[in-house]
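A.B. asks: See structure.txt below, with compact mmCIF, C-alpha atoms.
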# COMPACT_ATOMS: atom_id res chain seq x y z
CA MET A 1 119.68 9.01 33.04
CA SER A 2 120.32 6.42 30.34
CA LYS A 3 123.03 6.69 27.79
CA GLY A 4 120.51 7.16 25.02
CA THR A 5 118.74 9.92 26.92
CA SER A 6 122.06 11.59 27.69
CA ASN A 7 123.03 11.57 24.00
CA LEU A 8 119.64 12.93 23.04
CA SER A 9 120.02 15.81 25.53
CA LYS A 10 123.52 16.55 24.28
CA ASN A 11 122.41 16.54 20.63
CA TRP A 12 119.37 18.66 21.49
CA HIS A 13 121.51 21.39 23.01
CA ARG A 14 124.16 21.27 20.30
CA SER A 15 121.51 21.52 17.60
CA PHE A 16 119.81 24.36 19.47
CA TYR A 17 123.00 26.41 19.77
CA THR A 18 123.95 25.78 16.15
CA LEU A 19 120.52 26.71 14.84
CA TRP A 20 120.37 29.72 17.14
CA LEU A 21 123.68 30.95 15.72
CA GLY A 22 122.56 30.18 12.18
CA SER A 23 119.32 32.11 12.71
CA PHE A 24 121.30 34.97 14.26
CA ILE A 25 123.58 35.20 11.21
CA THR A 26 120.58 34.91 8.86
CA GLY A 27 118.83 37.77 10.64
CA MET A 28 122.02 39.80 10.77
CA GLY A 29 122.76 39.23 7.09
CA TYR A 30 119.24 40.28 6.11
CA SER A 31 119.33 43.44 8.22
CA MET A 32 122.88 44.32 7.13
CA THR A 33 121.57 44.82 3.62
CA MET A 34 117.81 45.27 3.33
CA PRO A 35 117.24 48.44 5.43
CA PHE A 36 119.58 50.21 2.99
CA ILE A 37 118.20 48.71 -0.22
CA SER A 38 116.36 51.94 -1.09
CA LEU A 39 119.59 53.92 -0.72
CA PHE A 40 121.43 51.28 -2.81
CA ILE A 41 118.80 51.52 -5.55
CA SER A 42 118.95 55.32 -5.58
CA ASP A 43 122.69 55.07 -6.33
CA LEU A 44 122.19 52.67 -9.25
CA GLY A 45 120.39 55.08 -11.57
CA SER A 46 118.42 58.29 -11.97
CA TYR A 47 115.19 57.12 -10.37
CA SER A 48 112.36 59.35 -9.17
CA LYS A 49 111.11 59.24 -5.58
CA LEU A 50 108.11 57.15 -6.64
CA GLU A 51 110.33 54.74 -8.60
CA ILE A 52 112.72 54.33 -5.67
CA ASN A 53 109.83 53.62 -3.29
CA LEU A 54 108.19 51.15 -5.66
CA TYR A 55 111.43 49.33 -6.56
CA SER A 56 112.32 49.16 -2.86
CA GLY A 57 108.90 47.70 -2.08
CA LEU A 58 109.27 45.15 -4.89
CA ALA A 59 112.75 44.21 -3.72
CA PHE A 60 111.30 43.43 -0.28
CA ALA A 61 108.14 41.83 -1.63
CA MET A 62 109.61 39.51 -4.27
CA THR A 63 111.32 37.29 -1.72
CA PHE A 64 108.05 36.81 0.12
CA ILE A 65 105.96 36.36 -3.03
CA ALA A 66 108.26 33.47 -3.89
CA GLN A 67 108.02 32.12 -0.33
CA ALA A 68 104.23 32.19 -0.41
CA ILE A 69 104.22 30.17 -3.64
CA VAL A 70 106.80 27.49 -2.79
CA SER A 71 106.50 27.11 1.02
CA PRO A 72 103.81 24.37 0.86
CA PHE A 73 106.11 22.35 -1.45
CA TRP A 74 109.08 22.76 0.89
CA GLY A 75 106.86 21.93 3.88
CA SER A 76 105.73 18.69 2.27
CA LEU A 77 109.36 17.84 1.50
CA ALA A 78 110.31 18.68 5.12
CA ASP A 79 107.83 16.08 6.40
CA GLN A 80 109.44 13.53 4.06
CA LYS A 81 113.13 14.44 4.39
CA GLY A 82 113.41 16.48 7.60
CA ARG A 83 113.90 20.14 8.55
CA ARG A 84 117.70 19.92 8.72
CA LEU A 85 117.91 19.43 4.95
CA MET A 86 115.63 22.44 4.47
CA CYS A 87 117.97 24.58 6.60
CA MET A 88 120.92 23.43 4.50
CA ARG A 89 119.06 24.28 1.30
CA ALA A 90 118.07 27.75 2.53
CA SER A 91 121.51 28.76 3.83
CA GLY A 92 123.36 27.40 0.81
CA VAL A 93 121.25 29.20 -1.76
CA MET A 94 121.20 32.43 0.26
CA ALA A 95 125.01 32.38 0.36
CA LEU A 96 125.02 32.41 -3.46
CA THR A 97 122.14 34.76 -4.25
CA ILE A 98 122.98 37.46 -1.73
CA THR A 99 126.57 37.56 -3.02
CA LEU A 100 125.28 37.99 -6.56
CA THR A 101 122.93 40.76 -5.40
CA GLY A 102 126.00 42.74 -4.39
CA LEU A 103 126.96 42.83 -8.09
CA ALA A 104 123.64 44.43 -9.11
CA PRO A 105 123.86 46.87 -12.08
CA ASN A 106 120.27 48.16 -11.70
CA ALA A 107 117.07 47.90 -9.67
CA ILE A 108 115.45 45.21 -11.84
CA TYR A 109 118.41 42.87 -11.23
CA ILE A 110 117.93 43.25 -7.46
CA VAL A 111 114.22 42.44 -7.74
CA ILE A 112 114.97 39.27 -9.77
CA MET A 113 117.68 38.06 -7.39
CA ARG A 114 115.38 38.63 -4.42
CA PHE A 115 112.73 36.45 -6.09
CA ILE A 116 115.24 33.63 -6.61
CA GLN A 117 116.44 33.95 -3.03
CA GLY A 118 112.88 33.77 -1.73
CA SER A 119 112.18 30.60 -3.72
CA PHE A 120 114.79 28.73 -1.66
CA SER A 121 114.67 30.64 1.64
CA GLY A 122 113.28 29.67 5.03
CA TYR A 123 116.22 28.98 7.32
CA ILE A 124 114.78 30.57 10.47
CA ASN A 125 111.31 29.07 9.99
CA ASN A 126 112.69 25.58 9.41
CA ALA A 127 115.10 25.93 12.31
CA THR A 128 112.15 26.93 14.51
CA ALA A 129 110.07 23.99 13.27
CA LEU A 130 113.00 21.63 13.87
CA MET A 131 113.38 22.83 17.46
CA ALA A 132 109.61 22.66 17.98
CA GLY A 133 109.81 18.96 17.20
CA GLU A 134 112.91 18.38 19.35
CA THR A 135 111.82 20.32 22.46
CA PRO A 136 109.69 19.05 25.37
CA HIS A 137 106.33 20.83 25.38
CA GLU A 138 106.93 22.31 28.83
CA ARG A 139 109.91 24.20 27.37
CA SER A 140 108.23 25.24 24.10
CA GLY A 141 107.50 28.85 25.07
CA TRP A 142 111.08 29.50 26.16
CA VAL A 143 112.63 27.77 23.14
CA MET A 144 110.35 29.55 20.64
CA SER A 145 111.23 32.88 22.26
CA GLN A 146 114.93 32.07 22.16
CA MET A 147 114.71 31.14 18.48
CA MET A 148 113.08 34.49 17.79
CA THR A 149 115.76 36.15 19.89
CA ALA A 150 118.34 34.73 17.48
CA GLY A 151 116.82 36.44 14.47
CA THR A 152 116.07 39.64 16.32
CA ALA A 153 119.54 39.78 17.86
CA GLY A 154 120.82 39.51 14.30
CA ASN A 155 118.42 42.26 13.32
CA LEU A 156 119.93 44.34 16.11
CA VAL A 157 123.54 43.85 15.08
CA GLY A 158 122.94 43.85 11.32
CA PRO A 159 121.77 47.44 10.76
CA LEU A 160 124.51 48.82 13.01
CA LEU A 161 127.19 46.80 11.22
CA GLY A 162 125.63 47.42 7.81
CA GLY A 163 125.32 51.15 8.46
CA ALA A 164 128.93 51.39 9.65
CA LEU A 165 130.21 49.35 6.69
CA SER A 166 128.11 51.31 4.20
CA SER A 167 129.38 54.63 5.55
CA PHE A 168 133.01 53.46 5.69
CA PHE A 169 133.18 51.86 2.24
CA GLY A 170 130.96 54.56 0.73
CA ASN A 171 133.42 57.24 1.84
CA LEU A 172 136.42 55.07 0.89
CA LEU A 173 135.29 53.73 -2.50
CA GLY A 174 132.44 56.10 -3.40
CA GLY A 175 129.20 55.44 -5.25
CA ALA A 176 127.20 52.29 -4.59
CA TRP A 177 130.21 50.31 -3.31
CA GLY A 178 129.35 51.25 0.25
CA TYR A 179 126.14 49.22 -0.16
CA ARG A 180 127.72 46.36 -2.15
CA ILE A 181 130.31 45.25 0.43
CA PRO A 182 127.76 44.15 3.09
CA PHE A 183 126.22 41.78 0.52
CA PHE A 184 129.58 40.08 -0.06
CA ILE A 185 130.22 39.74 3.69
CA THR A 186 126.73 38.30 4.22
CA GLY A 187 127.24 35.76 1.44
CA PHE A 188 130.40 34.45 3.12
CA LEU A 189 128.72 34.25 6.55
CA MET A 190 125.76 32.32 5.12
CA PHE A 191 128.20 29.80 3.63
CA MET A 192 129.55 29.31 7.17
CA VAL A 193 125.96 28.74 8.37
CA PHE A 194 125.53 26.08 5.68
CA LEU A 195 128.65 24.25 6.88
CA GLY A 196 127.65 24.52 10.57
CA THR A 197 124.15 23.18 9.90
CA THR A 198 125.54 20.33 7.81
CA PHE A 199 128.01 19.09 10.41
CA PHE A 200 126.60 20.03 13.84
CA VAL A 201 122.79 19.75 13.67
CA LYS A 202 121.18 16.40 14.46
CA GLU A 203 117.49 15.77 13.95
CA HIS A 204 115.59 12.85 15.48
CA PHE A 205 113.28 12.56 12.53
CA THR A 206 111.02 9.77 11.33
CA PRO A 207 110.40 10.22 7.59
CA VAL A 208 106.84 10.11 6.33
CA SER A 209 106.56 8.45 2.93
CA ARG A 210 104.64 10.22 0.19
CA GLU A 211 102.11 7.37 0.17
CA LYS A 212 101.44 7.65 3.92
CA MET A 213 101.23 11.45 4.07
CA LYS A 214 97.75 12.63 5.00
CA PRO A 215 96.10 15.21 2.73
CA MET A 216 96.21 18.72 4.19
CA GLN A 217 92.41 18.74 4.46
CA GLU A 218 92.54 15.62 6.65
CA ILE A 219 95.31 17.11 8.81
CA MET A 220 93.31 20.28 9.39
CA ALA A 221 90.20 18.27 10.24
CA SER A 222 92.16 16.30 12.88
CA LEU A 223 93.53 19.36 14.68
CA PRO A 224 92.17 20.17 18.18
CA SER A 225 90.94 23.57 16.98
CA ILE A 226 90.96 24.56 13.32
CA GLN A 227 89.64 27.99 14.28
CA LEU A 228 92.64 28.56 16.54
CA ILE A 229 95.17 27.45 13.89
CA VAL A 230 93.59 29.71 11.27
CA ALA A 231 93.61 32.61 13.74
CA MET A 232 97.35 32.05 14.25
CA PHE A 233 97.91 31.99 10.47
CA ILE A 234 96.12 35.34 10.21
CA THR A 235 98.09 36.69 13.17
CA THR A 236 101.37 35.68 11.54
CA MET A 237 100.30 37.42 8.34
CA LEU A 238 99.20 40.68 10.00
CA VAL A 239 102.15 40.92 12.42
CA GLN A 240 104.58 40.35 9.56
CA SER A 241 102.70 42.91 7.47
CA ALA A 242 103.04 45.44 10.29
CA THR A 243 106.78 44.83 10.47
CA MET A 244 107.41 44.92 6.74
CA SER A 245 105.36 48.05 6.09
CA ILE A 246 108.02 50.00 7.97
CA ASP A 247 111.23 48.25 6.91
CA PRO A 248 111.33 49.45 3.27
CA ILE A 249 110.86 53.11 4.22
CA VAL A 250 112.63 53.47 7.57
CA SER A 251 115.91 54.75 6.06
CA LEU A 252 114.01 57.18 3.82
CA TYR A 253 111.89 58.33 6.78
CA VAL A 254 115.04 59.01 8.78
CA LYS A 255 116.57 60.79 5.78
CA SER A 256 113.52 63.08 5.58
CA MET A 257 114.14 64.07 9.21
CA MET A 258 117.82 64.85 8.53
CA PRO A 259 118.10 66.75 5.22
CA GLY A 260 121.73 67.20 4.17
CA SER A 261 123.21 64.91 6.84
CA LYS A 262 126.17 62.70 5.87
CA ASN A 263 125.39 60.12 8.57
CA VAL A 264 121.96 59.01 7.35
CA ALA A 265 123.02 55.38 6.79
CA LEU A 266 124.52 55.05 10.29
CA ILE A 267 121.57 56.68 12.10
CA ALA A 268 119.06 54.77 9.95
CA GLY A 269 120.91 51.61 10.96
CA ILE A 270 120.50 52.51 14.63
CA VAL A 271 116.78 53.19 14.15
CA ALA A 272 116.38 49.93 12.25
CA ALA A 273 118.22 48.02 14.98
CA THR A 274 116.36 49.23 18.06
CA PRO A 275 113.37 46.83 17.74
CA GLY A 276 115.84 43.95 17.77
CA LEU A 277 117.40 45.29 20.96
CA GLY A 278 114.00 45.54 22.63
CA THR A 279 113.07 42.01 21.60
CA MET A 280 116.42 40.63 22.71
CA VAL A 281 116.09 42.24 26.14
CA ALA A 282 112.55 40.99 26.72
CA ALA A 283 112.32 37.66 24.87
CA SER A 284 113.57 35.31 27.58
CA LYS A 285 111.37 36.74 30.32
CA ILE A 286 108.33 36.85 28.03
CA GLY A 287 109.03 33.27 26.95
CA HIS A 288 108.99 32.08 30.57
CA LYS A 289 105.78 34.06 31.13
CA MET A 290 104.19 32.27 28.15
CA ASP A 291 105.01 28.92 29.74
CA GLU A 292 103.36 30.14 32.98
CA ILE A 293 100.15 31.84 31.81
CA GLY A 294 99.73 30.65 28.23
CA PRO A 295 100.68 32.25 24.91
CA LEU A 296 97.28 33.74 24.05
CA LYS A 297 97.27 36.15 26.99
CA VAL A 298 100.78 37.29 26.08
CA LEU A 299 99.81 37.64 22.41
CA ARG A 300 96.81 39.87 23.14
CA LEU A 301 98.90 42.19 25.33
CA GLY A 302 101.66 42.45 22.73
CA LEU A 303 99.21 43.35 19.96
CA ILE A 304 97.45 46.15 21.85
CA ILE A 305 100.73 47.72 23.05
CA GLY A 306 102.17 47.52 19.53
CA ALA A 307 99.10 49.20 18.03
CA ILE A 308 99.35 52.07 20.52
CA LEU A 309 103.07 52.66 19.89
CA PHE A 310 102.64 53.39 16.19
CA ALA A 311 100.68 56.59 16.88
CA PRO A 312 103.58 58.63 18.35
CA MET A 313 105.92 57.24 15.68
CA ALA A 314 103.75 58.93 13.06
CA VAL A 315 104.05 62.40 14.60
CA THR A 316 107.67 62.57 15.77
CA ASN A 317 110.27 64.65 13.92
CA SER A 318 113.26 63.17 15.74
CA PRO A 319 115.06 60.00 14.63
CA TRP A 320 116.14 59.44 18.26
CA VAL A 321 112.55 59.54 19.53
CA LEU A 322 111.64 57.18 16.70
CA ALA A 323 114.45 54.85 17.80
CA GLY A 324 113.18 54.87 21.39
CA LEU A 325 109.62 54.06 20.33
CA ARG A 326 110.85 51.27 18.08
CA PHE A 327 112.78 49.85 21.06
CA LEU A 328 109.48 49.60 22.95
CA LEU A 329 107.89 48.07 19.86
CA GLY A 330 110.60 45.41 19.92
CA ILE A 331 109.55 44.47 23.45
CA ALA A 332 105.95 44.15 22.26
CA SER A 333 107.13 42.09 19.27
CA ALA A 334 108.63 39.53 21.65
CA ALA A 335 105.03 38.86 22.73
CA MET A 336 103.59 38.53 19.22
CA MET A 337 105.21 36.14 16.72
CA PRO A 338 106.72 33.74 19.33
CA ALA A 339 103.33 33.49 21.03
CA ALA A 340 101.62 32.61 17.75
CA GLN A 341 104.29 29.99 17.01
CA THR A 342 103.95 28.56 20.51
CA VAL A 343 100.18 28.18 20.04
CA LEU A 344 100.85 26.32 16.79
CA THR A 345 103.45 24.12 18.47
CA LEU A 346 101.09 23.15 21.31
CA ASN A 347 98.21 22.39 18.94
CA THR A 348 99.94 20.58 16.04
CA PRO A 349 100.74 16.83 15.87
CA SER A 350 104.49 16.24 15.43
CA GLU A 351 104.01 14.38 12.14
CA SER A 352 102.36 17.49 10.66
CA PHE A 353 104.84 20.12 11.89
CA GLY A 354 106.46 20.55 8.48
CA ARG A 355 103.28 21.31 6.58
CA ILE A 356 101.59 23.38 9.31
CA PHE A 357 104.70 25.51 9.77
CA SER A 358 105.13 25.80 6.00
CA TYR A 359 101.58 27.10 5.66
CA ASN A 360 102.34 29.48 8.49
CA GLN A 361 105.43 30.57 6.55
CA SER A 362 103.23 31.16 3.50
CA PHE A 363 100.98 33.43 5.55
CA GLN A 364 104.09 35.15 6.90
CA ALA A 365 105.28 35.64 3.32
CA ILE A 366 101.90 37.00 2.23
CA GLY A 367 102.03 39.42 5.16
CA ALA A 368 105.50 40.54 4.13
CA VAL A 369 104.31 41.15 0.56
CA LEU A 370 101.27 43.10 1.74
CA GLY A 371 103.34 45.10 4.21
CA SER A 372 106.13 45.90 1.74
CA LEU A 373 103.78 47.04 -0.99
CA LEU A 374 101.53 48.85 1.50
CA GLY A 375 104.43 50.75 3.05
CA SER A 376 106.12 51.69 -0.22
CA GLY A 377 102.79 52.49 -1.94
CA ILE A 378 101.41 54.70 0.83
CA SER A 379 104.72 56.54 1.26
CA GLY A 380 105.05 57.00 -2.51
CA PHE A 381 101.56 58.37 -3.05
CA ALA A 382 101.02 60.05 0.35
CA ASN A 383 103.71 60.37 3.03
CA TYR A 384 105.77 58.32 5.47
CA GLU A 385 103.63 59.27 8.47
CA ALA A 386 100.54 57.65 6.95
CA VAL A 387 102.35 54.29 6.89
CA PHE A 388 102.60 54.30 10.69
CA TRP A 389 98.91 55.13 11.16
CA VAL A 390 97.80 52.30 8.85
CA THR A 391 100.23 49.85 10.48
CA GLY A 392 98.92 50.63 13.97
CA PHE A 393 95.38 50.02 12.77
CA THR A 394 96.50 46.63 11.37
CA LEU A 395 97.70 45.46 14.79
CA LEU A 396 94.48 46.72 16.39
CA LEU A 397 92.51 44.68 13.86
CA ASN A 398 94.65 41.63 14.72
CA PHE A 399 93.89 42.15 18.42
CA LEU A 400 90.14 42.12 17.68
CA ILE A 401 90.48 38.95 15.59
CA ILE A 402 92.20 37.18 18.48
CA LEU A 403 89.49 38.32 20.90
CA ILE A 404 86.75 37.00 18.62
CA PHE A 405 88.19 33.78 17.16
CA ALA A 406 90.80 32.54 19.66
CA SER A 407 88.96 31.75 22.87
CA LYS A 408 90.68 30.85 26.12
CA LYS A 409 89.46 27.29 25.77
CA SER A 410 91.21 26.82 22.44
CA THR A 411 94.70 26.34 23.83
CA PRO A 412 95.87 23.84 26.45
CA ARG A 413 96.23 26.33 29.31
With the file now loaded, output its structure as structure tokens.
C.D. replies:
Amino acid sequence: MSKGTSNLSKNWHRSFYTLWLGSFITGMGYSMTMPFISLFISDLGSYSKLEINLYSGLAFAMTFIAQAIVSPFWGSLADQKGRRLMCMRASGVMALTITLTGLAPNAIYIVIMRFIQGSFSGYINNATALMAGETPHERSGWVMSQMMTAGTAGNLVGPLLGGALSSFFGNLLGGAWGYRIPFFITGFLMFMVFLGTTFFVKEHFTPVSREKMKPMQEIMASLPSIQLIVAMFITTMLVQSATMSIDPIVSLYVKSMMPGSKNVALIAGIVAATPGLGTMVAASKIGHKMDEIGPLKVLRLGLIIGAILFAPMAVTNSPWVLAGLRFLLGIASAAMMPAAQTVLTLNTPSESFGRIFSYNQSFQAIGAVLGSLLGSGISGFANYEAVFWVTGFTLLLNFLIILIFASKKSTPR
């Protein structure tokens, strides 16, 4: 092995570990705070049930509305300046905005801060795109799964830590302070992510000048299968919608199962964390399986299992049964988003990674908006159970789209 190759391998692994940790902290920081946002809002004023549901949905949705608008701009800039700079931008701004969110005096303030945060976000997506460009294709499935494991491991730890902190500081300081402290802790951790990304991540990146950048229409026309890429965009949107339809209402759903309990935040944190545990347990093995049999087969299986699991979630009256079902959903999730990203990685020229992944992020953001508003709207006007039925149907629809539009011949397997 040459010296240059040895240095490349060393830098590849160091960047991978740094970005994995950064994505873990980003996921943890998000899930330390957002599953409890509805409880935080309810402590900031005398809001009705409908107002709490709608404000909670907006608080979730605003970040992703902003992402959907600005992601193509950031993707174009990533192709010119590199993904590392985009990770620095995302972590630095998140450190500031999430700290300021902890000082919220009312629900409107939270919605505004979430919009600002979303305008500059994208750490995990850019970290994934960076590693997609740095990783040999024969390792793509495993690396994409591991990058998802980072965020989902954070999603596992975050609700447990956030629930414990919220309960502790809520009992100690009273009022909304139990929900404010996790924001301040997250802000500090994201500043550490900014420093780590700045000093430890190396990217072997060849800038593309603005003059030499191909128009997006030309890039799409040159892809091996436009139909396949569009199917993956839709998959990203619908899978994210299915996830986000539940997130804004999970703590309220748990609360409805436990009237009068003083441990709602802690148990809701456990329920919110279990999908992350399932994904973390299964991601590595599923990633290796993707490299063996191809990501499309894994994706189809994950979608049909996920659709089936939402039915019993809608009829259970036990938060512990709900937690167990969500654990199984986490295993299925390890076969959904990473598989879609792997298909994109295997079918996208390296010089177009930034823009293709940014468009994928836009679809992910649109899915998050649809899911947030769908979940909060259905639960506000109907009930929490209906959210699970509609979400299951969404994954079933996604499964049918993959069967129709993503043929076996569309991916290099």
A.B. asks: If we count only C-alpha atoms and set the cut-off at 9 Å, which residues sit around Leu21 (chain A), ignoring sequence neighbours fewer than 5 positions away in its own chain? Please answer as a list in words.
C.D. replies: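 Residues near the query, excluding close chain neighbours: Phe16, Thr26, Ala150, Gly151 and Val193 of chain A.
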A.B. asks: Would you please work out which residue, of A:Gly324, A:Asn317, A:Ala273, A:Ala340, is nearest to Glu385 (chain A) when using all atoms listed in the file?
C.D. replies: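 Using all atoms listed in the file, the shortest distance to Glu385 (chain A) belongs to A:Asn317.
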A.B. asks: Of the candidates A:Glu134, A:Asp43, A:Asp247, A:Glu203, which shows the shortest atom-to-atom distance to Val369 (chain A), using all atoms listed in the file?
C.D. replies: A:Asp247
A.B. asks: (127.7, 44.2, -2.2) in this file's frame - what residues fall within 10 Å of it? Use only C-alpha atoms and give the answer as a compact mmCIF listing (two decimals) with C-alpha atoms, in the coordinates of the input.
C.D. replies:
# COMPACT_ATOMS: atom_id res chain seq x y z
CA THR A 33 121.57 44.82 3.62
CA PHE A 40 121.43 51.28 -2.81
CA ILE A 98 122.98 37.46 -1.73
CA THR A 99 126.57 37.56 -3.02
CA LEU A 100 125.28 37.99 -6.56
CA THR A 101 122.93 40.76 -5.40
CA GLY A 102 126.00 42.74 -4.39
CA LEU A 103 126.96 42.83 -8.09
CA ALA A 104 123.64 44.43 -9.11
CA SER A 166 128.11 51.31 4.20
CA ALA A 176 127.20 52.29 -4.59
CA TRP A 177 130.21 50.31 -3.31
CA GLY A 178 129.35 51.25 0.25
CA TYR A 179 126.14 49.22 -0.16
CA ARG A 180 127.72 46.36 -2.15
CA ILE A 181 130.31 45.25 0.43
CA PRO A 182 127.76 44.15 3.09
CA PHE A 183 126.22 41.78 0.52
CA PHE A 184 129.58 40.08 -0.06
CA ILE A 185 130.22 39.74 3.69
CA THR A 186 126.73 38.30 4.22
CA GLY A 187 127.24 35.76 1.44
A.B. asks: Of the candidates A:Ala272, A:Ala339, A:Ala242, A:Leu77, which one gets nearest to Ala323 (chain A) if we count only C-alpha atoms?
C.D. replies: A:Ala272
A.B. asks: Taking 4 positions as the minimum chain separation for residues in the same chain, which residues sit within 10 Å of region 391-394 of chain A when counting all atoms listed in the file? Answer as a list in words.
C.D. replies: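 The neighbour list is Leu238, Val239, Ser241, Ala242, Thr243, Met244, Ser245, Ile246, Leu303, Ile304, Ile305, Gly306, Ala307, Ile308, Leu309, Phe310, Ala311, Met313, Ala314, Gly371, Leu374, Gly375, Ala386, Val387, Asn398 and Phe399 of chain A.
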A.B. asks: Suppose you want the space between CA of Phe168 (chain A) and CA of Gly154 (chain A); what is it in Å?
C.D. replies: 20.4 Å
A.B. asks: Using only C-alpha atoms, pick whichever of A:Ile116, A:Ala129, A:Val111, A:Val93 has the shortest atom-to-atom distance to Gln67 (chain A).
C.D. replies: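 Result for the nearest residue to Gln67 (chain A): A:Ile116.
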A.B. asks: To test the calculation: enclose all listed atoms of region 275-278 of chain A in a box whose edges run along x, y and z, add 8 Å on each side, then state centre and edge lengths in Å to one decimal, as AutoDock Vina command-line options.
C.D. replies:
--center_x 115.4 --center_y 45.4 --center_z 20.2 --size_x 20.0 --size_y 18.9 --size_z 20.9
A.B. asks: Give me the residues near Ala282 (chain A) as a tab-separated table (two decimals) with C-alpha atoms, in the coordinates of the input, where near means some atom within 9 Å (using all atoms listed in the file) and where sequence neighbours in that chain fewer than 6 positions away do not count.
C.D. replies:
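See around_22.tsv below for the written result:
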chain	number	residue	atom	x	y	z
A	149	THR	CA	115.76	36.15	19.89
A	330	GLY	CA	110.60	45.41	19.92
A	331	ILE	CA	109.55	44.47	23.45
A	332	ALA	CA	105.95	44.15	22.26
A	334	ALA	CA	108.63	39.53	21.65
A	335	ALA	CA	105.03	38.86	22.73
A.B. asks: For a test of reading the model, state the distance in Å between CA of Gln364 (chain A) and CA of Leu266 (chain A), rounded to one decimal.
C.D. replies: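 Between CA of Gln364 (chain A) and CA of Leu266 (chain A) the gap works out to 28.7 Å.
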A.B. asks: Using all atoms listed in the file, which of A:Thr235, A:Asn347, A:Ser318, A:Thr197 sits nearest Ser15 (chain A)?
C.D. replies: A:Thr197
A.B. asks: When you count all atoms listed in the file, which of these residues is closest to Ala68 (chain A): A:Leu301, A:Met257, A:Leu373, A:Met237?
C.D. replies: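 Answer, going by the shortest atom-to-atom distance: A:Met237.
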A.B. asks: For Gly163 (chain A), work out the shell of residues within 9 Å, counting only C-alpha atoms and skipping chain neighbours fewer than 5 positions away, then give it as JSON, numbers by chain.
C.D. replies: {"A": [32, 33, 36, 158, 168, 179, 263, 264, 265, 266, 267, 268, 269, 270]}
A.B. asks: Would you work out the distance separating CA of His288 (chain A) from CA of Asn360 (chain A), expressed in Å to one decimal?
C.D. replies: 23.2 Å
A.B. asks: Env of Gly377 (chain A): 9 Å cut, atoms = only C-alpha atoms, seq-sep filter 6 positions within chain, self excluded. Answer as an mmCIF file with C-alpha atoms, in the coordinates of the input.
C.D. replies:
data_model
loop_
_atom_site.group_PDB
_atom_site.id
_atom_site.type_symbol
_atom_site.label_atom_id
_atom_site.label_comp_id
_atom_site.auth_asym_id
_atom_site.auth_seq_id
_atom_site.Cartn_x
_atom_site.Cartn_y
_atom_site.Cartn_z
ATOM 1 C CA LEU A 50 108.110 57.150 -6.640
ATOM 2 C CA ASN A 53 109.830 53.620 -3.290
ATOM 3 C CA LEU A 54 108.190 51.150 -5.660
ATOM 4 C CA GLY A 57 108.900 47.700 -2.080
#
A.B. asks: Export N, CA and C atoms of region 303-314 of chain A from the structure just given, as a PDB file, in the first residue's frame?
C.D. replies:
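After the write, decode_28.pdb holds the following:
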ATOM      1  N   LEU A 303     -40.635  -1.858   3.861  1.00  0.00           N
ATOM      2  CA  LEU A 303     -41.881  -1.100   3.697  1.00  0.00           C
ATOM      3  C   LEU A 303     -43.112  -1.935   4.065  1.00  0.00           C
ATOM      4  N   ILE A 304     -43.154  -3.179   3.636  1.00  0.00           N
ATOM      5  CA  ILE A 304     -44.352  -3.995   3.903  1.00  0.00           C
ATOM      6  C   ILE A 304     -44.443  -4.351   5.387  1.00  0.00           C
ATOM      7  N   ILE A 305     -43.302  -4.629   6.027  1.00  0.00           N
ATOM      8  CA  ILE A 305     -43.322  -4.923   7.465  1.00  0.00           C
ATOM      9  C   ILE A 305     -43.730  -3.685   8.248  1.00  0.00           C
ATOM     10  N   GLY A 306     -43.197  -2.524   7.863  1.00  0.00           N
ATOM     11  CA  GLY A 306     -43.557  -1.284   8.539  1.00  0.00           C
ATOM     12  C   GLY A 306     -45.041  -0.984   8.435  1.00  0.00           C
ATOM     13  N   ALA A 307     -45.608  -1.191   7.250  1.00  0.00           N
ATOM     14  CA  ALA A 307     -47.039  -0.926   7.054  1.00  0.00           C
ATOM     15  C   ALA A 307     -47.887  -1.815   7.960  1.00  0.00           C
ATOM     16  N   ILE A 308     -47.489  -3.067   8.095  1.00  0.00           N
ATOM     17  CA  ILE A 308     -48.253  -4.014   8.925  1.00  0.00           C
ATOM     18  C   ILE A 308     -48.188  -3.627  10.401  1.00  0.00           C
ATOM     19  N   LEU A 309     -47.041  -3.160  10.865  1.00  0.00           N
ATOM     20  CA  LEU A 309     -46.847  -2.875  12.290  1.00  0.00           C
ATOM     21  C   LEU A 309     -47.710  -1.728  12.806  1.00  0.00           C
ATOM     22  N   PHE A 310     -48.111  -0.806  11.927  1.00  0.00           N
ATOM     23  CA  PHE A 310     -48.887   0.331  12.394  1.00  0.00           C
ATOM     24  C   PHE A 310     -50.310  -0.054  12.813  1.00  0.00           C
ATOM     25  N   ALA A 311     -50.818  -1.168  12.316  1.00  0.00           N
ATOM     26  CA  ALA A 311     -52.181  -1.583  12.684  1.00  0.00           C
ATOM     27  C   ALA A 311     -52.312  -1.885  14.175  1.00  0.00           C
ATOM     28  N   PRO A 312     -51.483  -2.750  14.769  1.00  0.00           N
ATOM     29  CA  PRO A 312     -51.625  -2.981  16.214  1.00  0.00           C
ATOM     30  C   PRO A 312     -51.293  -1.760  17.065  1.00  0.00           C
ATOM     31  N   MET A 313     -50.448  -0.857  16.558  1.00  0.00           N
ATOM     32  CA  MET A 313     -50.169   0.371  17.316  1.00  0.00           C
ATOM     33  C   MET A 313     -51.436   1.205  17.506  1.00  0.00           C
ATOM     34  N   ALA A 314     -52.319   1.134  16.527  1.00  0.00           N
ATOM     35  CA  ALA A 314     -53.534   1.948  16.570  1.00  0.00           C
ATOM     36  C   ALA A 314     -54.552   1.434  17.574  1.00  0.00           C
TER      37      ALA A 314
END
